[in-house]
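Trainee: Dumping the structure here so I can ask a few things about it.
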Amino acid sequence: MDTVGQAKETASMIRRSCVLFMLVSLLLLGCQQESHNQKQLPTRVSGPFNASRAFSHLVAQVNFGPRVPGTEAHRRCLDYIIHHLSSAAKSLQTQQFPIDCYDEPIKGTNILATFGNGAGEPIFYCCHWDTRPIANKDPNPDNRYKPIPGANDGASGVAVLLELATLFHEKPPPRDVSLVFLDAEDSGDYRECEFCIGSYYLARNLDSVFSERPSFGVLIDMIGDRDLSIPKERYSVALAPDVVNSVWAIARRLGCSQFKDEIGPSVFDDHIWFNRAGVPTIDIIDFDYPVWHTLQDNVDHCSKESLKAVGDVLYALASEK
Ligand SMILES: [Zn+2]
């Protein structure tokens with residue numbers, strides 16, 4: 001190697017060292033930034049929502065088997081929900097509607113339980129309690145005509161609302177809060193069925209079950225995912241921005257980091273029909289669930305902590321005047 005060659009080599013080493021130094025500095029800066037952000041996360045404030053009790057409601061539903069309309073497991077689950085609510089609610093109603101897209105005509109049942117001291121304007125929380133007749137997203141083609149266990153997609157929302165029923169019975173919220181359990185949400189693409197049959201029926205017959213129209217609604221769906229991350233659902237942001245803002249402000253105050261300050265995908269879900277009926281309603285949903293509509297939607301993919309985060313936020317929202 002000649003002197004010119006050595007000089008070039010030295011210059012190139014210096015350049016490499018500079019690049020390395022810059023990379024290391026950026027990495028360190030990134031780490032500092034991250035630890036700074038972590039420090040900024042508010043402390044988790046725990047409410048009275050009992051995560052273990054809620055989780056036992058989730059397990060009980062899964063143990064009935066898939067809650068497909070027209071099946072014995074579906075009937076047993078209906079009895080379970082009604083039994084729990086009948087001793088807790090100040091009023092309890094069921095609303096039956098026809099489901100005519102299965103082999104034979106069957107009835108679906110929406111359940112509505114009301115709590116509270118009647119001050120201010122009433123509100124409602126809802127979820128679907130049926131489960132999907134077909135695991136059409138299952139990686140194994142042999143499973144795609146079997147019904148899903150619906151631990152997250154079905155049982156998680158019911159579990160949170162049943163625990164809220166217990167709490168609202170012990171300490172009624174200032175305004176009336178109705179807990180609504182919607183049937184036949186998840187039969188879409190099965191035979192001739194549409195999605196959200198129960199909410200469509202309820203939204204068209206709101207005045208027959210609500211003595212006073214609710215000022216807003218909150219739907220919870222697929223909120224038991226053990227890896228829970230809830231962005232702001234896009235239709236909710238467009239149709240009920242004030243409700244989204246109230247819910248996310250409470251989540252921030254309680255330090256529920258599962259609620260993300262970002263806008264997620266639009267999901268066609270039960271809330272759409274209530275918005276069309278003139279009641280602003282949001283959907284709290286984590287649609288990023290890898291075992292969605294498969295036979296793996298089971299208890300192992302859910303967690304108590306996820307139910308508690310959503311339960312604490314909804315309890316705090318109901319406690320506001
Ligand atoms: Zn589903």
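Ordering of the structure tokens sets the chain letters (A, B, ...); residue numbers start at 1 within each chain; ligands are numbered from 1 in the order shown.
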Within 8 Å of ligand 1 (counting only C-alpha atoms and all ligand atoms), which residues show up? I'd like them as JSON, numbers by chain.
Mentor: {"A": [131, 132, 150, 153, 154, 185, 186, 292, 293]}
Trainee: Mind pulling up the distance from atom CA of A:Leu228 to atom CA of A:Lys308?
Mentor: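 A separation of 11.1 Å between them.
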Trainee: Write out as JSON lines the residues of stretch 125-144 of chain A that have any atom within 12 Å of an atom of stretch 255-273 of chain A, one row each with the nearest atom pair and its distance in Å to one decimal, counting only C-alpha atoms, sorted by chain and then rising number.
Mentor:
```
{"residue": "A:Tyr125", "atom": "CA", "partner": "A:His271", "partner_atom": "CA", "distance": 10.3}
{"residue": "A:Cys126", "atom": "CA", "partner": "A:Asp270", "partner_atom": "CA", "distance": 8.7}
{"residue": "A:Cys127", "atom": "CA", "partner": "A:Asp270", "partner_atom": "CA", "distance": 8.1}
{"residue": "A:His128", "atom": "CA", "partner": "A:Asp270", "partner_atom": "CA", "distance": 8.1}
{"residue": "A:Trp129", "atom": "CA", "partner": "A:Asp270", "partner_atom": "CA", "distance": 11.8}
```
Trainee: Find the spatial neighbours of A:Ala165, counting only C-alpha atoms, within a cut-off of 9 Å - ignore same-chain residues fewer than 4 positions away - and output them as a list in words.
Mentor: His84, Leu85, Ala88, Ala89, Ala113, Thr114, Phe115, Val160, Leu161, His169, Glu170 and Leu179 of chain A
Trainee: Print the selection's residues with C-alpha atoms to a file, as a PDB file, in the first residue's frame.
Mentor:
```pdb
ATOM      1  CA  HIS A  84     -77.457 -12.502  36.905  1.00  0.00           C
ATOM      2  CA  LEU A  85     -79.322  -9.345  35.875  1.00  0.00           C
ATOM      3  CA  ALA A  88     -79.347  -6.688  40.185  1.00  0.00           C
ATOM      4  CA  ALA A  89     -81.218  -4.389  37.765  1.00  0.00           C
ATOM      5  CA  ALA A 113     -81.179  -4.051  32.083  1.00  0.00           C
ATOM      6  CA  THR A 114     -81.391  -0.579  33.607  1.00  0.00           C
ATOM      7  CA  PHE A 115     -79.597   0.777  36.696  1.00  0.00           C
ATOM      8  CA  VAL A 160     -67.454  -6.672  31.582  1.00  0.00           C
ATOM      9  CA  LEU A 161     -71.140  -5.696  31.504  1.00  0.00           C
ATOM     10  CA  HIS A 169     -76.492  -2.768  41.909  1.00  0.00           C
ATOM     11  CA  GLU A 170     -74.238  -2.070  44.930  1.00  0.00           C
ATOM     12  CA  LEU A 179     -76.706  -2.504  29.859  1.00  0.00           C
TER      13      LEU A 179
END
```
Trainee: With distances taken over only C-alpha atoms, which residue among A:Leu314, A:Val59, A:Leu182, A:Ile123 lies nearest A:Ile250?
Mentor: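 Using only C-alpha atoms, A:Ile250 sits closest to A:Leu314.
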Trainee: Give me, as a PyMOL selection string, all polymer residues having an atom no more than 12 Å from A:Glu163, counting only C-alpha atoms and skipping those fewer than 6 positions away in the same chain.
Mentor: chain A and resi 48-58+81+84-85+88+156-157+169-170+179+304+307-308+310-312+314-315
Trainee: Excluding A:Leu78 and residues on its chain fewer than 2 positions from it, collect all residues at most 10 Å away from it, counting only C-alpha atoms, and give them as a ChimeraX atom specification.
Mentor: /A:61,67,72-76,80-83,109-111,129-130,181,183
Trainee: Using backbone DSSP assignments, extract all strand (DSSP E or B) residues from stretch 172-307 of chain A; output them as a count of residues only.
Mentor: 26
Trainee: Output as a list in words all residues of stretch 176-207 of chain A that backbone DSSP marks as helix (DSSP H, G or I).
Mentor: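 Matching residues for helix (DSSP H, G or I) in stretch 176-207 of chain A are Ile197, Gly198, Ser199, Tyr200, Tyr201, Leu202, Ala203, Arg204, Leu206 and Asp207 of chain A.
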